[in-house]
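Taking it in order: structure first as structure tokens, then the write-up.
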Amino acid sequence: MRVFSKLYFVWFSLIFLMFSGILFDFKNLIFLGAFCFFLAIFWTILRKKGKKTPNINLVALGLLFAALLGAFCSRSLIISNNKKIEKFGGEHYLEGYILEVASREEYASEYILRVENLDGKSEKFDLILVAEYNPELERGDFVAFEGKIIRTESYRNAHYLRNNNAYDYPLACVIKSNAEIELLEEEFRVPLVFSDLNSRLSATLRATMGTKNGSLASALLLGNRDLLSDDILRDFKRAGVYHLLALSGLHVAILVGILEWILKKCLIPAKFRIVLLGLISLFYIALTGFALSACRSMLMLWVMYISLLLQRKRDIMTSLFAAVSVIVFLKPSAVLDVELQLSFLSTFGVICSTIICKKLKLSGYKSDKTLVGFAKYLVYKLAVVGISSLCVFICTLPVVMICFGEVSLATFVSNIFMGFVCEVFMILALITLLFARVLFIYPIFSFLAGLVGNIMTSLVSFIANTENVMLSLLYPASSVLVWGLFIAFMVMLAICLGRKWTIFVPSVIFVILMCVSILLYNGSRSDFVRSEYYVGDGIVLSSNEGVYICDMSDGSFGNLYEGVALAKENCFTEIDGIVITHYHSEYVISLKRLARTQKIRAMFLPMPQNDKEDLNMRSIVRILSEEGVDAYIYNANETLGVLSGELVLSDRAYTENYTHPSYVLSYKNGEERMTYIGKPYFNTYLEESRAFAEYINDSDYLIVGSEGREVKGNFEIFIYLKDECETSFADVETFLLSDYEKYMDWMKIYFDVNYKKYDLK
């Protein structure tokens, strides 16, 4: 194919990007399979071209230079970051200003801080400011405080740090809840001009269109996704249209398209129009914070404009690789940015779809004035959109598998019409923003934009809440299937055999592999129940029927999310139920956040024992009802039907001066029983009355949790356990191993258990 045989810069860029990514971290081999096959195909083409091919030695030298350049860029950044850590690590007095509010929670807030003075000396660098409380700082605030600068990788508790690579901001400054932050007098800084303008435009959109639709318009036009609620972000992801929220070619194209149409109507000369549109696109990218996916679109647009000014032939493949290579050269860590990877592969998929449509003679079809002709035109358009959606899906599938582990099966359907609805909404929102001060114009467009926005969010919500709309990519052999599909598609596209029917081979391969994938997906869930216990005091119960999370912790979000992560590792994309054993005030915040970020079908709450617990219960139920999660209140000793088994929880026993209660959770499936003892169990009325003794003595697996005060001596419980009962202690530090010597000879006792699996058959 001509696109692969003539564009040598594409191969240069591909090798440059490959070596940039690999030498950052050998785990980042996202493009490795594609690279090997691309290289083999390219070398085959070179050999077939014979005399028309440039000197192979020269080509090989160019490819070697690309590899060395990629290695130099990545390693030089790593060396530079290490020098920063050695120079700035430790306790310091910092002065600077807030560039961005990364996340804000009651117990932890994160900001991007530009440091200007360090211990009274002028130093300019960026870091992540992590406050273990909410100091309520805003973008543009000038602050001074004392803090400890550490490696970003050393602090993995915060939300931003978990979802971004540490090469962008290698330094983090952590301040405790008692730290004082002094607000300094505001000064003029250029980066704050664009962020302030962005904030004002976002405020205007929300004032004219309402909070919900205004936030959606701000996310689509200005890249402010932090204004959207977690449940909307979750629904866009589950509907397979999350890419619409990332600034990319669609957003730049709409803005430039509207402005170009206006300039043409104003009879502006072509060359002046091109220069003006290039500057406007640069201003727009600066306004949106230089999002990498948007920068990719802008650079491709500039390459196209330069070719027009120089009257050269345009090539979109060269433009794509050139744009991404420039970004990675200027910012080497960008090669690890998931949004840039998805933007690059999505654009590559669209280019592939245009090649396929030209081969099938679909792209140039025009409608006549008859009804039949118009119907044929719609069919052709749907075919083009469908092929484009399929190509984008196949091209992005490896990155989706590695980074997210699950994919939406609705992406083919939703992309066909959601792209069009999104374009209409953005155009109406842009007109509303431009005429926000004209009283007789903006209400009309604001109403229309709100109507389209409500339709869009309703459709996304409907698709997202469809049962089994997500497919896990963590089942056995998924990586082989995904990479097999991706490589088969690339080889088919590269070879491009002469017959038209061969172009459908990738689609057929996709359907076959998807069917095999679904069979393996269902087969990976066993008929028996797998119980997984983790040290954060939680148990995950899963089988081919579903998955339930039993949380016995202090209500922190991190512990709940750890249970969700285990559920996803078992190929579940939805949580059938979450059972909590007692109440903490943190549950109110944690369950609200969890219900908005994950698809949860039911929540089981214990019957309150006092007014404080009743207040927590009512708050949780209200939150769950808002998120569409069913709430059930159970009584102590009540049997709950879970995964064809029986789950029973005891009453809660509190010890003096300790907020965490003791309780017993027991689950029986078939002939086997697993029992969890929440510490401090000993010396409470639960032990003294032996109210749950029959469940403990009948257990095949006994777990002693990590919550509670130190326990010494009370080991008579082992005398009553049945033979071959396996006992695990989560926190070995609270025990004296010598006290267990007389039991360890004849009992299966395990200490310091961080993660353990039990199969209940």
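In the structure tokens, the first chain shown is A, the next is B, and so on; residue numbers restart at 1 for each chain, and ligands run from 1 in the order shown.
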Residues within 9 Å of A:Gly289, only C-alpha atoms, excluding chain neighbours under 2 positions, as a list of chain:residue names | A:Pro191, A:Phe194, A:Ser195, A:Asn198, A:Leu222, A:Gly223, A:Tyr284, A:Ile285, A:Ala286, A:Leu287, A:Ala291
Emit the selected residues as an mmCIF file, in the first residue's frame, including N, CA and C atoms.
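Full text of again_28.cif as output:
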```
data_model
loop_
_atom_site.group_PDB
_atom_site.id
_atom_site.type_symbol
_atom_site.label_atom_id
_atom_site.label_comp_id
_atom_site.auth_asym_id
_atom_site.auth_seq_id
_atom_site.Cartn_x
_atom_site.Cartn_y
_atom_site.Cartn_z
ATOM 1 N N PRO A 191 1.017 32.257 33.091
ATOM 2 C CA PRO A 191 0.208 31.032 33.098
ATOM 3 C C PRO A 191 -1.149 31.199 33.756
ATOM 4 N N PHE A 194 -4.263 32.638 31.372
ATOM 5 C CA PHE A 194 -5.074 31.689 30.616
ATOM 6 C C PHE A 194 -5.982 30.879 31.532
ATOM 7 N N SER A 195 -5.462 30.455 32.688
ATOM 8 C CA SER A 195 -6.295 29.678 33.605
ATOM 9 C C SER A 195 -7.434 30.522 34.164
ATOM 10 N N ASN A 198 -9.977 30.829 31.431
ATOM 11 C CA ASN A 198 -10.683 29.555 31.333
ATOM 12 C C ASN A 198 -11.745 29.452 32.412
ATOM 13 N N LEU A 222 -13.599 23.405 26.879
ATOM 14 C CA LEU A 222 -12.434 23.965 27.572
ATOM 15 C C LEU A 222 -11.600 22.923 28.307
ATOM 16 N N GLY A 223 -12.020 21.671 28.270
ATOM 17 C CA GLY A 223 -11.234 20.610 28.887
ATOM 18 C C GLY A 223 -11.349 20.527 30.387
ATOM 19 N N TYR A 284 -6.221 28.751 21.624
ATOM 20 C CA TYR A 284 -7.210 27.825 22.178
ATOM 21 C C TYR A 284 -6.529 26.714 22.980
ATOM 22 N N ILE A 285 -5.430 26.191 22.463
ATOM 23 C CA ILE A 285 -4.711 25.131 23.166
ATOM 24 C C ILE A 285 -4.130 25.670 24.476
ATOM 25 N N ALA A 286 -3.603 26.908 24.457
ATOM 26 C CA ALA A 286 -3.094 27.517 25.690
ATOM 27 C C ALA A 286 -4.225 27.731 26.688
ATOM 28 N N LEU A 287 -5.406 28.088 26.179
ATOM 29 C CA LEU A 287 -6.565 28.311 27.038
ATOM 30 C C LEU A 287 -6.999 27.031 27.738
ATOM 31 N N ALA A 291 -3.435 20.535 26.733
ATOM 32 C CA ALA A 291 -3.702 19.095 26.800
ATOM 33 C C ALA A 291 -2.986 18.410 25.637
#
```
Within 10 Å of stretch 269-281 of chain A, counting only C-alpha atoms, which residues qualify if same-chain residues fewer than 5 places away don't, as a list in words?
-> Val252, Ala253, Leu255, Val256, Gly257, Leu259, Glu260, Leu263, Lys264, Ala286, Leu287, Ala294, Cys295, Ser297, Met298, Leu299, Leu301, Trp302, Met304, Tyr305, Ile306, Leu308 and Leu309 of chain A
Go ahead and write the selection's residues with C-alpha atoms as an mmCIF file, in the first residue's frame.
```cif
data_model
loop_
_atom_site.group_PDB
_atom_site.id
_atom_site.type_symbol
_atom_site.label_atom_id
_atom_site.label_comp_id
_atom_site.auth_asym_id
_atom_site.auth_seq_id
_atom_site.Cartn_x
_atom_site.Cartn_y
_atom_site.Cartn_z
ATOM 1 C CA VAL A 252 -10.277 21.626 17.432
ATOM 2 C CA ALA A 253 -12.007 20.832 14.128
ATOM 3 C CA LEU A 255 -13.759 25.482 16.553
ATOM 4 C CA VAL A 256 -11.559 25.956 13.497
ATOM 5 C CA GLY A 257 -14.379 24.957 11.155
ATOM 6 C CA LEU A 259 -14.095 30.309 12.491
ATOM 7 C CA GLU A 260 -12.991 29.386 8.973
ATOM 8 C CA LEU A 263 -13.608 34.255 7.812
ATOM 9 C CA LYS A 264 -14.635 32.997 4.384
ATOM 10 C CA ALA A 286 -3.094 27.517 25.690
ATOM 11 C CA LEU A 287 -6.565 28.311 27.038
ATOM 12 C CA ALA A 294 -5.312 18.719 21.776
ATOM 13 C CA CYS A 295 -1.685 19.659 21.023
ATOM 14 C CA SER A 297 -4.545 17.976 16.780
ATOM 15 C CA MET A 298 -3.124 21.490 16.623
ATOM 16 C CA LEU A 299 0.246 20.311 15.285
ATOM 17 C CA LEU A 301 -3.475 21.267 11.660
ATOM 18 C CA TRP A 302 -0.289 23.331 11.425
ATOM 19 C CA MET A 304 -1.599 20.863 6.899
ATOM 20 C CA TYR A 305 -1.534 24.672 6.830
ATOM 21 C CA ILE A 306 2.221 24.749 6.134
ATOM 22 C CA LEU A 308 -0.959 24.618 1.830
ATOM 23 C CA LEU A 309 1.228 27.703 2.161
#
```
For A:Ala595, work out the shell of residues within 10 Å, counting only C-alpha atoms and skipping chain neighbours fewer than 3 positions away, then give it as a ChimeraX atom specification.
-> /A:230-231,234,590-592,598-601,603,623-624,626-629
Within 7 Å of stretch 172-188 of chain A, counting only C-alpha atoms, which residues qualify if same-chain residues fewer than 5 places away don't, as number ranges by chain?
-> A: 127-133, 141-145, 147-152
Interatomic distance between atom CA of A:Gly538 and atom CA of A:Thr581?
-> 10.3 Å
From A:Lys756, A:Arg104, A:Arg652, A:Lys87, residue lying nearest A:Phe125 [only C-alpha atoms] |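 Among the listed residues, the smallest separation from A:Phe125 belongs to A:Lys87.
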All residues 12 Å or closer to A:Ala565, only C-alpha atoms, same chain fewer than 3 positions away omitted, as a ChimeraX atom specification | /A:404-405,474,532,534,538-540,547,549,558-562,568-575,594,598
Excluding stretch 62-73 of chain A and any residue of its chain fewer than 5 positions from it, enumerate the residues within 10 Å of it, using only C-alpha atoms, and give them as number ranges by chain.
-> A: 8-9, 11-24, 56-57, 78, 325, 328-333
